[in-house]
Every structure is written in C-alpha cells, then in structure tokens.
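Here the structure comes first, spelled out in structure tokens, and everything after it is commentary.
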Amino acid sequence: AQSFPGYQRSVEELRSITASILQVFPNLVLWRNDYDLKYPILCLTGFRDELWLDTEAVERHAEKYRASSGTPAKFLSDSSGLPLLFVCGPQVLADWCEGAPLNTDNHPLIEFSTPKSLFEHKQQEMQPIHELLGSLRSHSWPFSQEPGDKPIAELFQITDLVIAAQQSYRENNFEREFRKVRELAQVAGDSPSVAGYVMFVANRYMNRKMNERGIELLELLAGLEEPPMGVQLILAGEYISMGHESKAIQLLKYAAERTSDSYRVHKSIVELLERRNEYAQAEPYLRKLVEMSPQDSFLRVDLAKNLHQQDKFKEAQAEVETLISDWDGAKKKEVWKYLRTSGLGRYIDRVDLVAPQVSTPREGTAATPPFE
C-alpha cells in the first residue's frame, strides 16, 4: 500500500506514481481516506495476484475507530463505510495512466518535481485533484468480498449523495448541500459512517450560525429507530443553549432507556436535573452511575448529597458510611476535600467510630480522614 497527500501532488505526478506501481502490482485499487476538500489523502493498494479483501480485519479496525474518542472516525467507523472511500479498480487506473512516465531510480521524476508541486498547491485550489477523483470514480467493486451488511450497489448510491454534497459545498451552494445531506440522513442515517458525516456537517452549520439546518439534521438522526448515541448528546447540548432544557432532558431520558449502560447520557441527565433542583428525578440516574462505576468515590459523594437535598438523611448517612468502609484509597485527599465541601460534614461525624479507619473527633474539630 502507498498513501500520499493529494494536496501536494499534481495530476501528472499521480499518473506517474500509479503507472510505476502498476509495473509491480498489476491489480491496483485507488482509495480516498476522507472527503476533505483542502487536504485530500489518497491511497493505492496493490496486489500481484488476485484481489482479496480481509473483511474480518476491516471490522476489527473499524471497531478501534469507533472506540477511540480522539479519532475523527466518519467513514471509518464501521466496515460498511469502506466502499464509500473506494474510487476505482485496476482497469480504470491502467487506462488512466497509460503512457505516463515512470518514476525510477534512474529517472526520479517525483523527487525533483515535489518542491515545485508543493509550492504551486500552496498558491491554488485543489480543483484539479477533486475533478480527477470524480472522473475516476467507478461503480464496479473489484473484490469478491463485500464488507458490512449493506449491498454494494446501495453503498455506491450513498457515495453518490456524499460526493454531490461535497461538490455543492465546494461550490458554496449550501442549499443544495443541505438537501443532499438531509437525504443522506433519511436513507442511511442508521449507518455509523454516514451518521458521523451528517453530524460533522451539522456541526459545521452550527459553527457558521446556520443553527436551524444543523439542528434539523441532528433531529433526523435522533429520530431513527436506533440513533447514534453521540447525536443525542450533541442535540441535547444545542437544546440547552437555546434555553430548551425540558426538551433536552426528555431526549436524554429517551436515550437512557434505550442504552441503559451509557455513562455520558446518565451523567448529563443528572447534571441537568440537579441544576433545576429536581433531585428526586435525578436520583435513579445517579444510582445507575454508581452502579456502573462502584469504585468512583466522587459519585458516591454526589449520591449522598442528592439524598441530603431530598431530606433523606438516613440514606445519605448510609452512603457516606459505605464510602468510608469501602474506600480503596484512590485519590484520597481529593475525595476527602470533595466530601467535606459538599455539605456532608454532619454525616462524617456520625459514622460508627468503632471502625478502625476513623478516629474520634474532638469537640469542634472535623473527623480525621480515614486514610491518614
């Protein structure tokens, strides 16, 4: 495989690189890594023998992208997104680069032309590269293996919509782009790859103060039978910024019912409800957080504080006693300070002083932290 920055190569250089690789790997496939307009990255994968795609490896890598919060997954977040990055196969590439000069040790054309191309691409738009990718685009899948659970023909139709949306954006035709992305959300929003792209566009709209369009796209995704969890959190945040806290809470509660083990959703609900002093409604979600992270001492303190706000004093004391008796020693000083500043000091002084970890407090003094 050979990847290279499309924004630093001219079309003729790409022809030369492709023709040179074809001399060794006759079965060559061209991919794009994304639909970035400013910094397109291209990749050529070559096979000396029959074309073969390891679908299990594709799924493993897609799973890693999904699990990585620091990775802009988009089209790589599920295996069915791979065909959306396919450009063309061996025959199209062979026809395109026929007659192109080869890059060899005796004639290192690319090494000499790179400085010139790099300077030129800093001075001009990427229009030639985008036009090239459009002209090479093929609807003929070269592999016998098909990744994901959607038919290749359907995935190619989805790709057509993505390309049309990107072309409209490149031409500053935001109305047409919005129509295409909205159609994408409606017909393929259940695909993590497509959902990631739609969310990316929605975020761009909102950053440019086109909030209505961005929110409409997010609402389309949130209304799916199995909406991506990230979209509900983003949409709830937008509702909050617009002053629609009740709408945000309703959305997050719906998300929590469908995904009971989502930490972020439960955390967001608790923060929203307690900010509105709705402690009784927040309690079950806070208890779920403690259940999901039983070793998180801060959550145990939050639960005790929540119960105290509801005048459930005995239950609050029980949570403090559980915290001290089960303490694993993690973040000792931070937890103790958090406990004392949460208005729960009365419960610390009432803890069973027979417990070996706690010393008897003198009159007018605080209990000794159980870790000292």
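Following the order of the structure tokens, chains are lettered A, B, ..., residues in each are numbered from 1, and ligands are numbered from 1.
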Enumerate, as a ChimeraX atom specification, the complete set of residues in region 40-253 of chain A that a backbone-based DSSP assignment places in helix (DSSP H, G or I).
/A:55-67,74-76,79-85,90-97,109-123,127-136,152-170,174-188,192-207,211-222,229-241,245-253
Which residues are near region 170-184 of chain A? Cut-off 7 Å, only C-alpha atoms, ignore same chain within fewer than 3 positions. Put them as a JSON list (two decimals) with all heavy atoms, in the first residue's frame.
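Writing done, so here's out21.json:
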[["chain", "number", "residue", "atom", "x", "y", "z"],
["A", 158, "ILE", "N", -25.22, 5.70, -1.84],
["A", 158, "ILE", "CA", -24.93, 6.59, -0.72],
["A", 158, "ILE", "C", -23.70, 7.44, -1.03],
["A", 158, "ILE", "O", -23.66, 8.65, -0.74],
["A", 158, "ILE", "CB", -24.70, 5.74, 0.56],
["A", 158, "ILE", "CG1", -26.00, 5.05, 0.96],
["A", 158, "ILE", "CG2", -24.19, 6.62, 1.71],
["A", 158, "ILE", "CD1", -25.82, 4.04, 2.08],
["A", 161, "LEU", "N", -24.44, 10.44, -3.10],
["A", 161, "LEU", "CA", -25.01, 11.55, -2.33],
["A", 161, "LEU", "C", -23.92, 12.33, -1.60],
["A", 161, "LEU", "O", -23.94, 13.55, -1.54],
["A", 161, "LEU", "CB", -26.04, 11.03, -1.33],
["A", 161, "LEU", "CG", -27.38, 10.57, -1.88],
["A", 161, "LEU", "CD1", -28.22, 9.92, -0.79],
["A", 161, "LEU", "CD2", -28.14, 11.76, -2.49],
["A", 164, "ALA", "N", -22.06, 14.40, -4.15],
["A", 164, "ALA", "CA", -22.88, 15.54, -4.57],
["A", 164, "ALA", "C", -22.91, 16.61, -3.49],
["A", 164, "ALA", "O", -22.85, 17.82, -3.78],
["A", 164, "ALA", "CB", -24.30, 15.07, -4.89],
["A", 165, "ALA", "N", -22.99, 16.19, -2.23],
["A", 165, "ALA", "CA", -23.00, 17.16, -1.13],
["A", 165, "ALA", "C", -21.66, 17.89, -1.05],
["A", 165, "ALA", "O", -21.63, 19.12, -0.88],
["A", 165, "ALA", "CB", -23.28, 16.44, 0.19],
["A", 166, "GLN", "N", -20.57, 17.16, -1.19],
["A", 166, "GLN", "CA", -19.25, 17.79, -1.12],
["A", 166, "GLN", "C", -19.01, 18.73, -2.29],
["A", 166, "GLN", "O", -18.41, 19.80, -2.13],
["A", 166, "GLN", "CB", -18.16, 16.71, -1.08],
["A", 166, "GLN", "CG", -18.05, 16.01, 0.26],
["A", 166, "GLN", "CD", -17.61, 16.96, 1.35],
["A", 166, "GLN", "OE1", -18.45, 17.49, 2.09],
["A", 166, "GLN", "NE2", -16.33, 17.18, 1.50],
["A", 167, "GLN", "N", -19.48, 18.34, -3.46],
["A", 167, "GLN", "CA", -19.33, 19.21, -4.63],
["A", 167, "GLN", "C", -20.13, 20.49, -4.44],
["A", 167, "GLN", "O", -19.67, 21.59, -4.77],
["A", 167, "GLN", "CB", -19.79, 18.49, -5.89],
["A", 167, "GLN", "CG", -19.64, 19.33, -7.15],
["A", 167, "GLN", "CD", -20.06, 18.57, -8.40],
["A", 167, "GLN", "OE1", -20.34, 17.38, -8.33],
["A", 167, "GLN", "NE2", -20.11, 19.26, -9.53],
["A", 187, "VAL", "N", -31.99, 8.28, 4.39],
["A", 187, "VAL", "CA", -31.89, 6.96, 3.76],
["A", 187, "VAL", "C", -30.79, 6.08, 4.36],
["A", 187, "VAL", "O", -30.84, 4.86, 4.22],
["A", 187, "VAL", "CB", -31.64, 7.09, 2.24],
["A", 187, "VAL", "CG1", -32.75, 7.88, 1.58],
["A", 187, "VAL", "CG2", -30.28, 7.72, 1.94],
["A", 188, "ALA", "N", -29.81, 6.68, 5.02],
["A", 188, "ALA", "CA", -28.69, 5.88, 5.51],
["A", 188, "ALA", "C", -28.16, 6.35, 6.86],
["A", 188, "ALA", "O", -27.02, 6.06, 7.21],
["A", 188, "ALA", "CB", -27.55, 5.89, 4.48],
["A", 189, "GLY", "N", -28.97, 7.07, 7.61],
["A", 189, "GLY", "CA", -28.52, 7.57, 8.91],
["A", 189, "GLY", "C", -28.24, 6.48, 9.91],
["A", 189, "GLY", "O", -27.57, 6.70, 10.92],
["A", 198, "VAL", "N", -22.90, 13.13, 8.66],
["A", 198, "VAL", "CA", -24.02, 14.05, 8.84],
["A", 198, "VAL", "C", -23.80, 14.93, 10.08],
["A", 198, "VAL", "O", -24.05, 16.13, 10.06],
["A", 198, "VAL", "CB", -25.35, 13.28, 8.95],
["A", 198, "VAL", "CG1", -26.50, 14.22, 9.31],
["A", 198, "VAL", "CG2", -25.65, 12.56, 7.64],
["A", 217, "LEU", "N", -30.78, 18.39, 10.90],
["A", 217, "LEU", "CA", -30.03, 17.17, 10.57],
["A", 217, "LEU", "C", -29.87, 16.28, 11.81],
["A", 217, "LEU", "O", -30.04, 15.06, 11.73],
["A", 217, "LEU", "CB", -28.65, 17.54, 10.02],
["A", 217, "LEU", "CG", -28.62, 18.24, 8.65],
["A", 217, "LEU", "CD1", -27.19, 18.61, 8.28],
["A", 217, "LEU", "CD2", -29.25, 17.37, 7.57]]
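What separates CA of Pro294 (chain A) from CA of Thr341 (chain A) is a distance of 21.3 Å.
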Hey, could you make a per-residue contact list for region 75-118 of chain A against region 17-20 of chain A with 8 Å as the cut-off, showing the nearest pair of atoms and its distance in Å to one decimal, counting only C-alpha atoms, sorted by chain and number, as CSV?
residue,atom,partner,partner_atom,distance
A:Leu93,CA,A:Thr18,CA,7.5
A:Ala94,CA,A:Ala19,CA,7.4
A:Cys97,CA,A:Ala19,CA,5.6
A:Glu98,CA,A:Ala19,CA,7.1
A:Ala100,CA,A:Ala19,CA,6.4
A:Pro101,CA,A:Ala19,CA,7.5
A:Leu102,CA,A:Ser20,CA,5.1
A:Asn103,CA,A:Ser20,CA,5.9
A:Thr104,CA,A:Ser20,CA,7.7
A:Ile110,CA,A:Ile17,CA,7.9
Would you please extract all strand (DSSP E or B) residues from region 2-166 of chain A, as assigned by DSSP on the backbone, and give them as an MDAnalysis selection string?
chainID A and resid 2:5 27:32 41:47 86:88
With only C-alpha atoms as the counted atoms, please give the residues lying no more than 8 Å from Lys288 (chain A), apart from itself and same-chain residues fewer than 4 positions off, as a PyMOL selection string.
chain A and resi 266+284+292
Okay, now the selection with N, CA, C and O atoms, as an mmCIF file, in the first residue's frame?
data_model
loop_
_atom_site.group_PDB
_atom_site.id
_atom_site.type_symbol
_atom_site.label_atom_id
_atom_site.label_comp_id
_atom_site.auth_asym_id
_atom_site.auth_seq_id
_atom_site.Cartn_x
_atom_site.Cartn_y
_atom_site.Cartn_z
ATOM 1 N N HIS A 266 -26.314 9.283 31.272
ATOM 2 C CA HIS A 266 -26.790 9.384 32.653
ATOM 3 C C HIS A 266 -26.168 10.579 33.367
ATOM 4 O O HIS A 266 -26.836 11.277 34.138
ATOM 5 N N PRO A 284 -32.512 8.225 40.496
ATOM 6 C CA PRO A 284 -32.318 6.914 39.856
ATOM 7 C C PRO A 284 -31.179 6.902 38.840
ATOM 8 O O PRO A 284 -30.489 5.885 38.694
ATOM 9 N N MET A 292 -22.638 1.651 37.725
ATOM 10 C CA MET A 292 -21.711 1.466 36.613
ATOM 11 C C MET A 292 -20.262 1.681 37.036
ATOM 12 O O MET A 292 -19.350 1.065 36.488
#
Counting only C-alpha atoms, the residue of A:His244, A:Lys38, A:His139, A:Arg48 that sits nearest Pro26 (chain A)
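Between A:His244, A:Lys38, A:His139, A:Arg48, the residue approaching Pro26 (chain A) most closely is A:Arg48.
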